[in-house]
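Structure below is target_35.cif: mmCIF, C-alpha atoms (C1' of nucleotides).
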data_entry
#
loop_
_atom_site.label_atom_id
_atom_site.label_comp_id
_atom_site.auth_asym_id
_atom_site.auth_seq_id
_atom_site.Cartn_x
_atom_site.Cartn_y
_atom_site.Cartn_z
CA MET A 257 108.61 96.09 217.97
CA PRO A 258 111.18 95.06 215.41
CA GLU A 259 111.20 91.29 215.02
CA LEU A 260 112.50 89.29 212.06
CA PRO A 261 110.03 90.66 209.45
CA GLU A 262 110.68 94.25 210.50
CA VAL A 263 114.47 93.84 210.43
CA GLU A 264 114.25 92.06 207.07
CA THR A 265 112.17 94.95 205.68
CA ILE A 266 114.62 97.52 206.99
CA LYS A 267 117.50 95.53 205.48
CA ASN A 268 115.82 95.34 202.08
CA GLU A 269 114.83 99.00 201.99
CA LEU A 270 118.16 100.30 203.29
CA ALA A 271 120.36 98.22 200.98
CA PRO A 272 119.93 100.35 197.82
CA HIS A 273 120.98 103.44 199.78
CA LEU A 274 123.94 101.82 201.52
CA VAL A 275 125.64 99.27 199.31
CA GLY A 276 128.63 100.77 197.54
CA ARG A 277 128.58 103.87 199.72
CA SER A 278 131.07 104.72 202.44
CA PHE A 279 130.63 106.38 205.83
CA SER A 280 132.01 109.90 205.66
CA GLN A 281 131.08 110.91 209.20
CA VAL A 282 129.71 109.19 212.28
CA SER A 283 128.34 111.08 215.26
CA LEU A 284 127.08 109.65 218.53
CA PRO A 285 124.59 111.83 220.43
CA TYR A 286 124.24 108.87 222.82
CA PRO A 287 127.59 107.04 222.98
CA GLY A 288 126.05 104.45 225.31
CA ALA A 289 124.37 102.86 222.28
CA VAL A 290 127.77 101.45 221.25
CA LYS A 291 128.54 98.19 223.00
CA ARG A 292 131.85 97.37 221.33
CA PRO A 293 134.51 98.68 220.90
CA SER A 294 134.71 102.00 222.81
CA SER A 295 132.48 104.68 221.28
CA GLU A 296 135.54 106.66 220.19
CA ASP A 297 137.15 103.64 218.48
CA PHE A 298 133.78 102.81 216.93
CA ARG A 299 133.53 106.27 215.40
CA ARG A 300 137.10 106.32 214.19
CA GLN A 301 137.14 102.81 212.76
CA LEU A 302 133.80 103.13 211.01
CA THR A 303 134.61 106.43 209.32
CA GLY A 304 135.74 105.86 205.74
CA ARG A 305 134.50 102.25 205.57
CA LEU A 306 132.81 101.00 202.41
CA VAL A 307 129.54 99.03 202.63
CA ALA A 308 129.79 95.70 200.80
CA GLY A 309 126.35 94.31 201.59
CA LEU A 310 123.60 93.83 204.15
CA GLY A 311 122.62 90.71 206.05
CA ARG A 312 120.47 89.61 208.96
CA ARG A 313 120.69 87.01 211.72
CA GLY A 314 117.50 86.74 213.75
CA LYS A 315 116.67 90.31 214.74
CA TYR A 316 120.21 91.57 214.21
CA LEU A 317 120.97 93.70 211.14
CA ILE A 318 124.48 93.09 209.81
CA ILE A 319 126.16 95.69 207.61
CA ASN A 320 129.17 94.07 205.99
CA LEU A 321 132.04 96.47 205.36
CA ASP A 322 135.23 96.25 203.35
CA LYS A 323 136.78 95.37 206.71
CA ASP A 324 134.79 94.39 209.81
CA MET A 325 131.01 94.66 210.12
CA LEU A 326 128.55 97.01 211.75
CA ILE A 327 125.91 95.10 213.70
CA ILE A 328 122.71 96.78 214.89
CA HIS A 329 119.96 95.57 217.20
CA LEU A 330 116.85 97.78 217.38
CA ARG A 331 115.41 96.13 220.50
CA MET A 332 112.08 97.73 221.38
CA THR A 333 111.91 101.20 219.89
CA GLY A 334 114.88 101.48 217.53
CA ALA A 335 114.56 102.64 213.94
CA LEU A 336 116.93 103.44 211.09
CA LEU A 337 115.63 106.49 209.25
CA LEU A 338 116.81 108.03 206.00
CA ARG A 339 117.01 111.81 205.92
CA PRO A 340 114.51 112.59 208.66
CA SER A 341 112.73 115.83 207.77
CA GLN A 342 112.60 117.01 211.38
CA PRO A 343 115.40 117.04 213.95
CA ASP A 344 115.01 113.77 215.84
CA PRO A 345 115.07 114.10 219.65
CA TRP A 346 115.79 110.37 219.93
CA ALA A 347 118.76 110.26 217.54
CA ARG A 348 121.42 108.04 219.19
CA ALA A 349 123.78 107.74 216.22
CA VAL A 350 123.96 109.56 212.90
CA PHE A 351 125.72 108.02 209.90
CA ARG A 352 126.55 110.38 207.06
CA LEU A 353 127.34 108.76 203.71
CA ASP A 354 129.70 109.91 200.97
CA ASP A 355 126.75 110.87 198.74
CA GLY A 356 125.45 113.25 201.41
CA ALA A 357 122.65 111.00 202.66
CA GLU A 358 122.16 110.52 206.37
CA ILE A 359 120.92 107.51 208.27
CA VAL A 360 119.75 108.18 211.81
CA PHE A 361 119.59 105.48 214.44
CA SER A 362 116.62 106.69 216.46
CA ASP A 363 115.71 104.93 219.69
CA ARG A 364 113.33 106.41 222.24
CA ARG A 365 114.12 103.98 225.03
CA LYS A 366 117.87 103.67 224.52
CA LEU A 367 117.74 99.88 224.55
CA GLY A 368 119.11 99.45 221.04
CA ALA A 369 122.73 98.50 220.52
CA LEU A 370 125.54 98.93 218.01
CA TRP A 371 128.69 96.84 217.57
CA LEU A 372 131.67 96.97 215.26
CA ALA A 373 133.03 93.43 214.99
CA GLU A 374 135.55 91.47 212.98
CA ASP A 375 133.43 88.34 213.08
CA GLU A 376 129.64 88.31 213.45
CA ASN A 377 129.82 85.44 215.90
CA GLU A 378 131.34 87.80 218.46
CA VAL A 379 127.83 89.25 218.69
CA VAL A 380 125.36 86.70 217.34
CA GLY A 381 127.23 83.49 218.10
CA LYS A 382 124.76 82.27 220.70
CA LEU A 383 121.68 82.56 218.52
CA GLY A 384 119.67 79.49 217.62
CA PRO A 385 118.79 78.76 213.99
CA ASP A 386 117.32 81.67 212.08
CA ALA A 387 113.59 81.09 211.64
CA LEU A 388 113.79 81.56 207.86
CA ASP A 389 117.05 79.69 207.30
CA PRO A 390 116.52 76.60 205.11
CA ALA A 391 118.47 74.66 207.73
CA PHE A 392 115.60 75.27 210.17
CA THR A 393 113.12 72.49 209.45
CA ALA A 394 110.17 70.83 211.19
CA ARG A 395 112.54 68.06 212.23
CA VAL A 396 114.95 70.56 213.80
CA LEU A 397 112.09 72.24 215.66
CA ALA A 398 110.79 68.91 216.99
CA ARG A 399 114.23 67.94 218.23
CA ARG A 400 114.69 71.26 220.01
CA LEU A 401 111.25 71.05 221.65
CA SER A 402 111.82 67.55 222.99
CA GLY A 403 112.52 67.33 226.68
CA ARG A 404 111.87 71.01 227.33
CA GLU A 405 109.78 71.82 230.41
CA ALA A 406 109.31 75.50 229.57
CA PRO A 407 106.09 76.80 227.98
CA VAL A 408 106.31 76.73 224.20
CA LYS A 409 105.71 80.48 224.08
CA ALA A 410 108.78 81.06 226.28
CA LEU A 411 110.84 78.82 224.01
CA LEU A 412 109.76 80.71 220.89
CA LEU A 413 110.86 83.96 222.54
CA ASP A 414 114.26 82.51 223.50
CA GLN A 415 116.64 83.61 220.73
CA GLY A 416 119.03 80.81 221.63
CA PHE A 417 116.20 78.39 220.86
CA LEU A 418 115.06 80.04 217.63
CA ALA A 419 116.23 83.40 216.29
CA GLY A 420 113.86 86.00 214.91
CA VAL A 421 110.47 85.36 216.54
CA GLY A 422 109.31 87.88 219.14
CA ASN A 423 106.16 88.41 221.13
CA MET A 424 103.78 89.39 218.32
CA TYR A 425 104.72 86.66 215.88
CA ALA A 426 104.93 84.01 218.59
CA ASP A 427 101.29 84.73 219.45
CA GLU A 428 100.27 84.70 215.78
CA ALA A 429 102.11 81.44 215.05
CA LEU A 430 100.68 79.68 218.11
CA TRP A 431 97.17 80.73 217.14
CA ALA A 432 97.66 79.52 213.55
CA ALA A 433 99.00 76.20 214.88
CA ARG A 434 96.15 75.96 217.45
CA ILE A 435 98.60 75.49 220.32
CA HIS A 436 98.10 77.00 223.78
CA PRO A 437 101.05 79.26 224.75
CA LEU A 438 101.53 77.47 228.09
CA ARG A 439 101.90 73.97 226.64
CA LYS A 440 105.29 72.53 227.58
CA GLY A 441 107.73 71.98 224.76
CA LYS A 442 108.07 68.30 225.56
CA GLU A 443 104.31 67.77 225.51
CA LEU A 444 103.86 68.80 221.89
CA SER A 445 103.04 65.94 219.54
CA PRO A 446 104.78 65.47 216.18
CA GLY A 447 101.64 66.90 214.57
CA ASP A 448 101.79 69.96 216.83
CA GLY A 449 105.44 70.47 215.92
CA GLU A 450 104.74 70.20 212.21
CA ARG A 451 101.84 72.69 212.41
CA LEU A 452 103.90 75.07 214.51
CA PHE A 453 106.78 74.95 212.05
CA ARG A 454 104.49 75.73 209.11
CA ALA A 455 102.76 78.48 211.08
CA ILE A 456 106.05 80.18 211.98
CA ARG A 457 107.19 80.22 208.38
CA LEU A 458 103.84 81.42 207.04
CA VAL A 459 103.39 84.14 209.65
CA LEU A 460 106.90 85.53 209.12
CA ARG A 461 106.76 85.39 205.32
CA THR A 462 103.34 87.06 205.25
CA ALA A 463 104.58 89.81 207.55
CA ILE A 464 107.61 90.44 205.35
CA GLY A 465 105.24 90.73 202.39
CA ASN A 466 103.39 93.41 204.37
CA LYS A 467 106.63 95.23 205.25
CA GLY A 468 106.38 94.51 208.95
CA ALA A 469 103.90 95.43 211.66
CA SER A 470 103.58 98.97 213.01
CA ILE A 471 102.02 98.14 216.37
CA SER A 472 103.84 100.92 218.19
CA THR A 473 106.96 102.77 217.08
CA TYR A 474 108.14 100.70 214.12
CA ARG A 475 108.84 102.75 211.00
CA ARG A 476 110.49 101.79 207.76
CA PRO A 477 113.62 103.73 206.70
CA GLY A 478 111.55 106.19 204.66
CA GLY A 479 109.24 106.77 207.63
CA GLU A 480 106.38 104.65 206.25
CA LEU A 481 104.39 102.22 208.37
CA GLY A 482 104.14 98.49 207.79
CA SER A 483 100.74 96.85 207.35
CA ALA A 484 101.23 93.38 208.85
CA GLN A 485 99.30 94.42 211.97
CA ASN A 486 96.13 94.62 209.83
CA GLY A 487 96.32 90.86 209.33
CA PHE A 488 96.86 89.95 212.97
CA LYS A 489 94.41 87.41 214.36
CA VAL A 490 95.18 87.62 218.08
CA ALA A 491 98.32 89.67 218.82
CA HIS A 492 97.39 92.74 220.90
CA LEU A 493 93.70 92.01 220.30
CA GLY A 494 92.52 91.13 223.81
CA GLY A 495 88.72 91.00 224.09
CA ARG A 496 88.15 90.94 220.34
CA PRO A 497 86.46 87.88 218.81
CA CYS A 498 88.64 85.04 217.58
CA PRO A 499 88.45 85.11 213.75
CA GLU A 500 87.86 81.36 213.78
CA CYS A 501 85.28 80.83 216.53
CA ALA A 502 84.36 84.32 217.83
CA THR A 503 85.37 83.48 221.41
CA PRO A 504 86.91 86.60 223.01
CA ILE A 505 90.70 86.65 222.76
CA GLN A 506 92.28 86.28 226.19
CA ARG A 507 95.45 87.84 227.54
CA LEU A 508 97.77 86.20 230.02
CA ALA A 509 101.08 87.38 231.46
CA LEU A 510 104.03 85.17 230.67
CA ARG A 511 107.48 86.39 231.70
CA ASN A 512 106.12 89.93 232.01
CA ARG A 513 104.88 89.83 228.44
CA GLY A 514 101.31 89.95 227.25
CA SER A 515 100.31 86.73 225.51
CA TYR A 516 97.16 86.79 223.43
CA PHE A 517 95.38 83.60 222.46
CA CYS A 518 92.01 82.01 221.79
CA PRO A 519 91.01 79.87 224.79
CA ARG A 520 88.80 77.71 222.58
CA CYS A 521 90.95 77.14 219.48
CA GLN A 522 94.26 76.82 221.28
CA VAL A 523 94.57 73.78 223.53
"C1'" DC B 202 121.88 72.89 231.33
"C1'" DC B 203 117.26 74.51 232.44
"C1'" DC B 204 114.01 77.75 234.10
"C1'" DG B 205 112.00 82.05 235.97
"C1'" DG B 206 112.45 86.69 237.54
"C1'" DA B 207 114.70 91.24 237.60
"C1'" DA B 208 117.05 94.91 235.34
"C1'" DC B 209 117.83 97.99 231.63
"C1'" DC B 210 115.26 102.07 229.54
"C1'" DT B 211 111.36 105.94 228.48
"C1'" DG B 212 106.81 107.37 227.23
"C1'" DA B 213 101.90 106.41 227.08
"C1'" DA B 214 97.90 105.34 229.51
"C1'" DG B 215 94.96 104.71 233.37
"C1'" DG B 216 93.56 105.27 238.34
"C1'" DC B 217 92.42 108.30 241.93
"C1'" DT C 30 94.89 119.06 236.91
"C1'" DG C 31 98.50 116.25 238.53
"C1'" DC C 32 100.76 112.64 240.77
"C1'" DC C 33 101.49 107.86 240.87
"C1'" DT C 34 101.47 103.21 239.07
"C1'" DT C 35 101.39 100.07 235.43
"C1'" DC C 36 102.42 98.51 230.96
"C1'" DA C 37 105.05 97.97 226.69
"C1'" DG C 38 108.86 93.67 225.49
"C1'" DG C 39 114.10 92.26 223.42
"C1'" DT C 40 117.97 90.92 225.70
"C1'" DT C 41 121.19 89.90 229.43
"C1'" DC C 42 122.27 88.66 233.94
"C1'" DC C 43 121.59 86.15 238.15
"C1'" DG C 44 119.86 82.85 241.47
"C1'" DG C 45 117.80 78.37 242.42
#

Rewritten as structure tokens:
Amino acid sequence: MPELPEVETIKNELAPHLVGRSFSQVSLPYPGAVKRPSSEDFRRQLTGRLVAGLGRRGKYLIINLDKDMLIIHLRMTGALLLRPSQPDPWARAVFRLDDGAEIVFSDRRKLGALWLAEDENEVVGKLGPDALDPAFTARVLARRLSGREAPVKALLLDQGFLAGVGNMYADEALWAARIHPLRKGKELSPGDGERLFRAIRLVLRTAIGNKGASISTYRRPGGELGSAQNGFKVAHLGGRPCPECATPIQRLALRNRGSYFCPRCQV
DNA sequence: CCCGGAACCTGAAGGC
DNA sequence: TGCCTTCAGGTTCCGG
């Protein structure tokens, strides 16, 4: 599932193909993928636009244009693929560039979303601090945790609390910080908060270095897999021994999501 | 504001 | 073999 490291990888690998190019043709096999404006206006207004640069806020990819910006969220199964060799049955939008290249927005479950916006805050305005933004510090995290009754895992998944962390990396960060996923935000000590902050940064940076995690459908723009999943300690590893103490990793359901943790290390 | 649950989606996997 | 249920989880919406 694309979380911050996956979107960052896609941004980095797509940029050389996109920056300085313009969109010569946009087609929408699934117009429902466009959230704003209407799919017809989206197509018309995007055609001919020049790409100035790529950015990211949380899990949102932001393609800055000479006017306006194209914002893409991949949700669960979305991918942006360069020149797919086979016809893609899950193509929801196809962007042809002025050099003949094609970028296909492929999304099996149709949960992904596209916007054309004048100001990014129309789309990402309610996000919390980006997990890799220098403005996000241990002090900021501690302040945001204070007084919160919700389980810390639920807070990490709330993009209004912190933008970029999803289910996999929340589990990895909580394991690295030795914090049980059900601990309430307000019950975390200053030491817990400091360890959690460092764990979040380390886990995300390591995953970016490994070009993201291909747990299920994630592919990089060239079709390659990421390798971050090979370094996972607990995420999706129910029943396997904890790398620290060999206790079997447990799974619990939190908000309809699988949460993996070590019942001995994480208290 | 805070919290938890359902809905949106489709394909894979498992039970019987 | 085939039908049915469950699971996968990022986000938004809604009710308490």

Legend entry - Contact set, chain C to chain A: 8 Å, all atoms listed in the file, as a list in words: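 Interface list for chain C against chain A: DG38, DG39 and DT40 of chain C.
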
Inset, instruction - Spell out the residues picked by the PyMOL selection byres ((chain A) within 7 of (chain B)) here, as a ChimeraX atom specification. - result: /A:364-367,406

Quick one: axis-aligned box around all listed atoms of stretch 213-216 of chain B, 3 Å on every side, centre and edge lengths in Å to one decimal, written as lines of an AutoDock Vina configuration file.
center_x = 97.7
center_y = 105.6
center_z = 232.7
size_x = 14.3
size_y = 7.7
size_z = 17.3

Legend entry - Residues returned when the PyMOL selection byres ((chain A and resi 301) around 12) runs on this file, as a list in words: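 Given this file, the PyMOL selection byres ((chain A and resi 301) around 12) evaluates to Phe279, Ser280, Gln281, Val282, Arg292, Pro293, Ser294, Ser295, Glu296, Asp297, Phe298, Arg299, Arg300, Leu302, Thr303, Gly304, Arg305, Leu306, Leu321, Asp322, Lys323, Asp324, Met325, Leu326, Trp371, Leu372, Ala373 and Glu374 of chain A.
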
Inset, instruction - Figure out the distance between atom CA of A:Thr473 and atom CA of A:Leu452, please, to one decimal in Å. - result: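 About the pair atom CA of A:Leu452 and atom CA of A:Thr473: they are 28.0 Å apart.
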
Inset, instruction - Enter the distance from atom CA of A:Trp346 to atom CA of A:Arg475, in Å, rounded to one decimal. - result: 13.6 Å

Legend entry - Two-atom distance - atom CA of A:Ile505, atom CA of A:Ala469 (Å):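 Atom CA of A:Ile505 sits 19.4 Å away from atom CA of A:Ala469.
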
Legend entry - Ground truth for the PyMOL selection byres ((chain A and resi 455-466) around 9), written as a list in words: Leu260, Pro261, Glu262, Glu264, Thr265, Ala387, Leu388, Val421, Tyr425, Ala426, Glu428, Ala429, Leu430, Trp431, Ala432, Ala433, Glu450, Arg451, Leu452, Phe453, Arg454, Lys467, Gly468, Ala469, Gly482, Ser483, Ala484, Gln485 and Gly487 of chain A

Legend entry - Selection: 8 Å around A:Gly311, all atoms listed in the file, excl. self and same-chain fewer than 5 positions, as a ChimeraX atom specification: /A:267,317-320

Residues just named, written with C-alpha atoms as a compact mmCIF listing (two decimals), in the frame of the given file:
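Result file part06.txt:
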# COMPACT_ATOMS: atom_id res chain seq x y z
CA LYS A 267 117.50 95.53 205.48
CA LEU A 317 120.97 93.70 211.14
CA ILE A 318 124.48 93.09 209.81
CA ILE A 319 126.16 95.69 207.61
CA ASN A 320 129.17 94.07 205.99

Legend entry - Near-A:Ser515 list (9 Å; only C-alpha atoms (C1' of nucleotides); drop same-chain fewer than 6 positions) as a PyMOL selection string: chain A and resi 409+423-424+426-427+437+491-492+506-509
